[in-house]
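S.K.: Have a look at this one before I ask anything.
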Amino acid sequence: MEFTKITEQPSPYDDLDRMSTAEILHAINAEDHKVADAVALAIPAIERLVEVLVGRMRRGGRLFYIGAGTSGRLGVLDASEIPPTFGMPPSLVVGVIAGGERALRSPVEGAEDDTEQGWRDLAAHDINSRDTLVGIAASGTTPYVVAAVRRARENGILTAGITSNPSSPLSREAEIAIEMVVGPEVVTGSSRMKSGTGQKMICNMITTSAMIALGRVKGSRMVNMQLSNAKLVDRGTRMIVEGTGLSYDEAHRLLLLHGSVSEALKIFNEK
């Protein structure tokens with residue numbers, strides 16, 4: 001299949017600068033409606049990744065995201081939310097971005113064009129054949145990402161790629177190609193918009209479904225969340241009330257004593 005950069009195709013709106021605020025907002029919203037449908041078409045590939053990923057995690061493997069710019073920031077964001085949401089160590093899901101931490105807030109000139117640095121950044125985390133690497137690049141051509149995925153695959157690491165352009169170099173390098181074709185952006189080439197939204201959705205799907213499979217959710221509840229603020233302590237207390245019939249104060253004491261909803265419920269049920 002011939003590779004076409006859909007992400008660089010002209011916007012369907014060629015008069016944005018003459019539109020009213022309301023017209024611009026409706027145009028963006030109309031395009032955003034297309035994202036969920038595009039992600040839905042990618043579910044079979046996402047499912048393949050998650051089912052293999054869970055098995056690898058059970059054997060001690062980790063998940064790495066790697067990207068540049070918006071794509072890199074979204075990978076780092078998803079990784080950073082796993083410890084507080086599911087009570088897992090920060091080493092389980094790792095986000096790597098071209099240019100390092102400085103790139104989270106400011107562009108780092110030339111970082112995404114370096115074909116060697118991606119693998120060096122991964123090697124700094126001692127990535128190995130038990131791990132899984134997901135490259136994120138809306139264009140599917142980012143040299144930092146594509147080269148890192150290639151090197152990872154050469155080293156026996158399971159690889160996947162999230163891109164908005166079908167048959168891209170990233171899709172060809174990755175073992176599992178997750179192609180989310182959202183079409184041209186409202187602002188031509190601005191993949192922080194629909195492509196970024198879809199990437200965030202897919203990262204959410206990958207890690208949330210994996211954590212559910214690993215037993216970090218009971219029913220629909222985050223029973224292993226970190227108790228890092230009053231809101232979460234209150235939420236956890238109410239979960240224990242629902243699961244045990246204890247009073248709020250008794251549940252609150254049990255939660256603080258054992259440090260998590262899952263552990264508190266386990267201790268209560270063993271009595």
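Labels used: A, B, ... for chains in the order of the structure tokens, numbers from 1 for residues in each chain, and numbers from 1 for ligands as shown.
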Which polymer residues have any atom within 9 Å of an atom of Ala152 (chain A), counting only C-alpha atoms, with same-chain residues fewer than 6 positions away left out, as a PDB file with C-alpha atoms, in the first residue's frame?
M.R.:
```
ATOM      1  CA  TRP A 119      17.797   3.709  21.456  1.00  0.00           C
ATOM      2  CA  LEU A 122      15.845   3.305  26.088  1.00  0.00           C
ATOM      3  CA  ILE A 127      15.266  -2.196  28.254  1.00  0.00           C
ATOM      4  CA  ASN A 128      15.343  -5.924  27.475  1.00  0.00           C
ATOM      5  CA  SER A 129      13.515  -8.719  25.665  1.00  0.00           C
ATOM      6  CA  THR A 132       7.344  -3.975  25.263  1.00  0.00           C
ATOM      7  CA  LEU A 133       7.956  -0.762  23.312  1.00  0.00           C
ATOM      8  CA  LEU A 158       8.019  -6.643  21.263  1.00  0.00           C
ATOM      9  CA  THR A 159       7.185  -3.441  19.381  1.00  0.00           C
TER      10      THR A 159
END
```
S.K.: With only C-alpha atoms as the counted atoms, please give the residues lying no more than 6 Å from region 31-39 of chain A, apart from itself and same-chain residues fewer than 6 positions off, as a count of residues only.
M.R.: 4
S.K.: Measuring atom to atom with only C-alpha atoms, identify which of A:Pro44, A:Gly60, A:Gly183, A:Pro166 is nearest to Ser91 (chain A).
M.R.: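 Among A:Pro44, A:Gly60, A:Gly183, A:Pro166, it is A:Gly60 that comes nearest to Ser91 (chain A).
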S.K.: What's around Asp121 (chain A) at 10 Å? Count only C-alpha atoms, leave out sequence neighbours fewer than 2 positions away in its own chain, and write the answer as a list of chain:residue names.
M.R.: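 So the residues in contact are A:Ile66, A:Val96, A:Ile97, A:Ala98, A:Gly99, A:Gly100, A:Glu116, A:Gln117, A:Gly118, A:Trp119, A:Ala123, A:Ala124, A:His125, A:Asp126, A:Ile127, A:Ala148.
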S.K.: So, counting only C-alpha atoms, which residue among A:Thr244, A:Thr115, A:Thr7, A:Thr237 is closest to Ala147 (chain A)?
M.R.: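 Closest candidate: A:Thr115.
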S.K.: What parts of region 95-212 of chain A does DSSP call alpha helix (DSSP H)? I'd like the answer as a PyMOL selection string.
M.R.: chain A and resi 117-123+143-154+169-173+194-212
S.K.: Take CA of Glu179 (chain A) and CA of Thr197 (chain A) and report the distance between them in Å, one decimal.
M.R.: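 Going from CA of Glu179 (chain A) over to CA of Thr197 (chain A), I get 13.7 Å.
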S.K.: Can you pull out the residues contacting Ile24 (chain A)? Cut-off 12 Å, using only C-alpha atoms, and skip same-chain residues under 4 positions away; I want them as a list of chain:residue names.
M.R.: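 Neighbouring residues, sequence-local ones excluded: A:Tyr13, A:Asp14, A:Asp15, A:Leu16, A:Asp17, A:Arg18, A:Met19, A:Ser20, A:Ile28, A:Asn29, A:Ala30, A:Glu31, A:Val186, A:Val187.
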S.K.: Keeping only N, CA and C atoms, write those residues as a PDB file, in the first residue's frame.
M.R.:
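That gives us again.pdb:
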```
ATOM      1  N   TYR A  13     -10.990  23.199   6.091  1.00  0.00           N
ATOM      2  CA  TYR A  13     -11.432  24.574   6.376  1.00  0.00           C
ATOM      3  C   TYR A  13     -10.325  25.525   5.922  1.00  0.00           C
ATOM      4  N   ASP A  14     -10.547  26.220   4.813  1.00  0.00           N
ATOM      5  CA  ASP A  14      -9.493  27.090   4.284  1.00  0.00           C
ATOM      6  C   ASP A  14      -9.741  28.570   4.584  1.00  0.00           C
ATOM      7  N   ASP A  15     -10.680  28.841   5.497  1.00  0.00           N
ATOM      8  CA  ASP A  15     -10.986  30.237   5.820  1.00  0.00           C
ATOM      9  C   ASP A  15     -11.082  30.456   7.326  1.00  0.00           C
ATOM     10  N   LEU A  16     -10.246  29.742   8.089  1.00  0.00           N
ATOM     11  CA  LEU A  16     -10.315  29.839   9.552  1.00  0.00           C
ATOM     12  C   LEU A  16     -10.147  31.277  10.032  1.00  0.00           C
ATOM     13  N   ASP A  17      -9.276  32.019   9.359  1.00  0.00           N
ATOM     14  CA  ASP A  17      -9.002  33.385   9.803  1.00  0.00           C
ATOM     15  C   ASP A  17     -10.156  34.347   9.543  1.00  0.00           C
ATOM     16  N   ARG A  18     -11.163  33.880   8.808  1.00  0.00           N
ATOM     17  CA  ARG A  18     -12.340  34.721   8.557  1.00  0.00           C
ATOM     18  C   ARG A  18     -13.571  34.229   9.317  1.00  0.00           C
ATOM     19  N   MET A  19     -13.402  33.169  10.076  1.00  0.00           N
ATOM     20  CA  MET A  19     -14.522  32.604  10.829  1.00  0.00           C
ATOM     21  C   MET A  19     -14.724  33.334  12.148  1.00  0.00           C
ATOM     22  N   SER A  20     -15.945  33.278  12.642  1.00  0.00           N
ATOM     23  CA  SER A  20     -16.222  33.765  13.995  1.00  0.00           C
ATOM     24  C   SER A  20     -15.712  32.735  14.996  1.00  0.00           C
ATOM     25  N   ILE A  28     -13.917  22.657  14.976  1.00  0.00           N
ATOM     26  CA  ILE A  28     -13.040  21.774  15.762  1.00  0.00           C
ATOM     27  C   ILE A  28     -13.843  20.626  16.359  1.00  0.00           C
ATOM     28  N   ASN A  29     -15.002  20.953  16.905  1.00  0.00           N
ATOM     29  CA  ASN A  29     -15.837  19.923  17.522  1.00  0.00           C
ATOM     30  C   ASN A  29     -16.309  18.895  16.497  1.00  0.00           C
ATOM     31  N   ALA A  30     -16.669  19.368  15.309  1.00  0.00           N
ATOM     32  CA  ALA A  30     -17.115  18.449  14.253  1.00  0.00           C
ATOM     33  C   ALA A  30     -16.002  17.476  13.882  1.00  0.00           C
ATOM     34  N   GLU A  31     -14.767  17.969  13.806  1.00  0.00           N
ATOM     35  CA  GLU A  31     -13.644  17.093  13.490  1.00  0.00           C
ATOM     36  C   GLU A  31     -13.345  16.141  14.642  1.00  0.00           C
ATOM     37  N   VAL A 186      -7.808  20.365  11.513  1.00  0.00           N
ATOM     38  CA  VAL A 186      -8.448  21.667  11.276  1.00  0.00           C
ATOM     39  C   VAL A 186      -7.395  22.699  10.899  1.00  0.00           C
ATOM     40  N   VAL A 187      -6.316  22.754  11.671  1.00  0.00           N
ATOM     41  CA  VAL A 187      -5.158  23.567  11.310  1.00  0.00           C
ATOM     42  C   VAL A 187      -4.173  22.622  10.633  1.00  0.00           C
TER      43      VAL A 187
END
```
S.K.: Pick out the closest residue to Ile82 (chain A) from this set: A:Asp113, A:Cys203, A:Asn155, A:Val241. Count only C-alpha atoms.
M.R.: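 Among A:Asp113, A:Cys203, A:Asn155, A:Val241, it is A:Cys203 that comes nearest to Ile82 (chain A).
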S.K.: Between CA of Met239 (chain A) and CA of Ala213 (chain A), what is the distance, to one decimal in Å?
M.R.: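 Separation between CA of Met239 (chain A) and CA of Ala213 (chain A): 20.1 Å.
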S.K.: Quick one: residues within 6 Å of Gly61 (chain A), only C-alpha atoms, excluding same-chain residues fewer than 3 positions away - as a list in words?
M.R.: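 The residues satisfying every condition are Arg56, Met57, Arg130 and Asp131 of chain A.
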S.K.: Point out the residue among A:Arg102, A:Lys200, A:Lys5, A:Arg62 with the least atom-to-atom distance to Gly75 (chain A), counting only C-alpha atoms.
M.R.: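 Using only C-alpha atoms, the shortest distance to Gly75 (chain A) belongs to A:Lys200.
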S.K.: Have a look at CA of Val76 (chain A) and CA of Ser195 (chain A) and let me know their distance in Å, one decimal.
M.R.: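 Calculated distance between CA of Val76 (chain A) and CA of Ser195 (chain A) is 16.2 Å.
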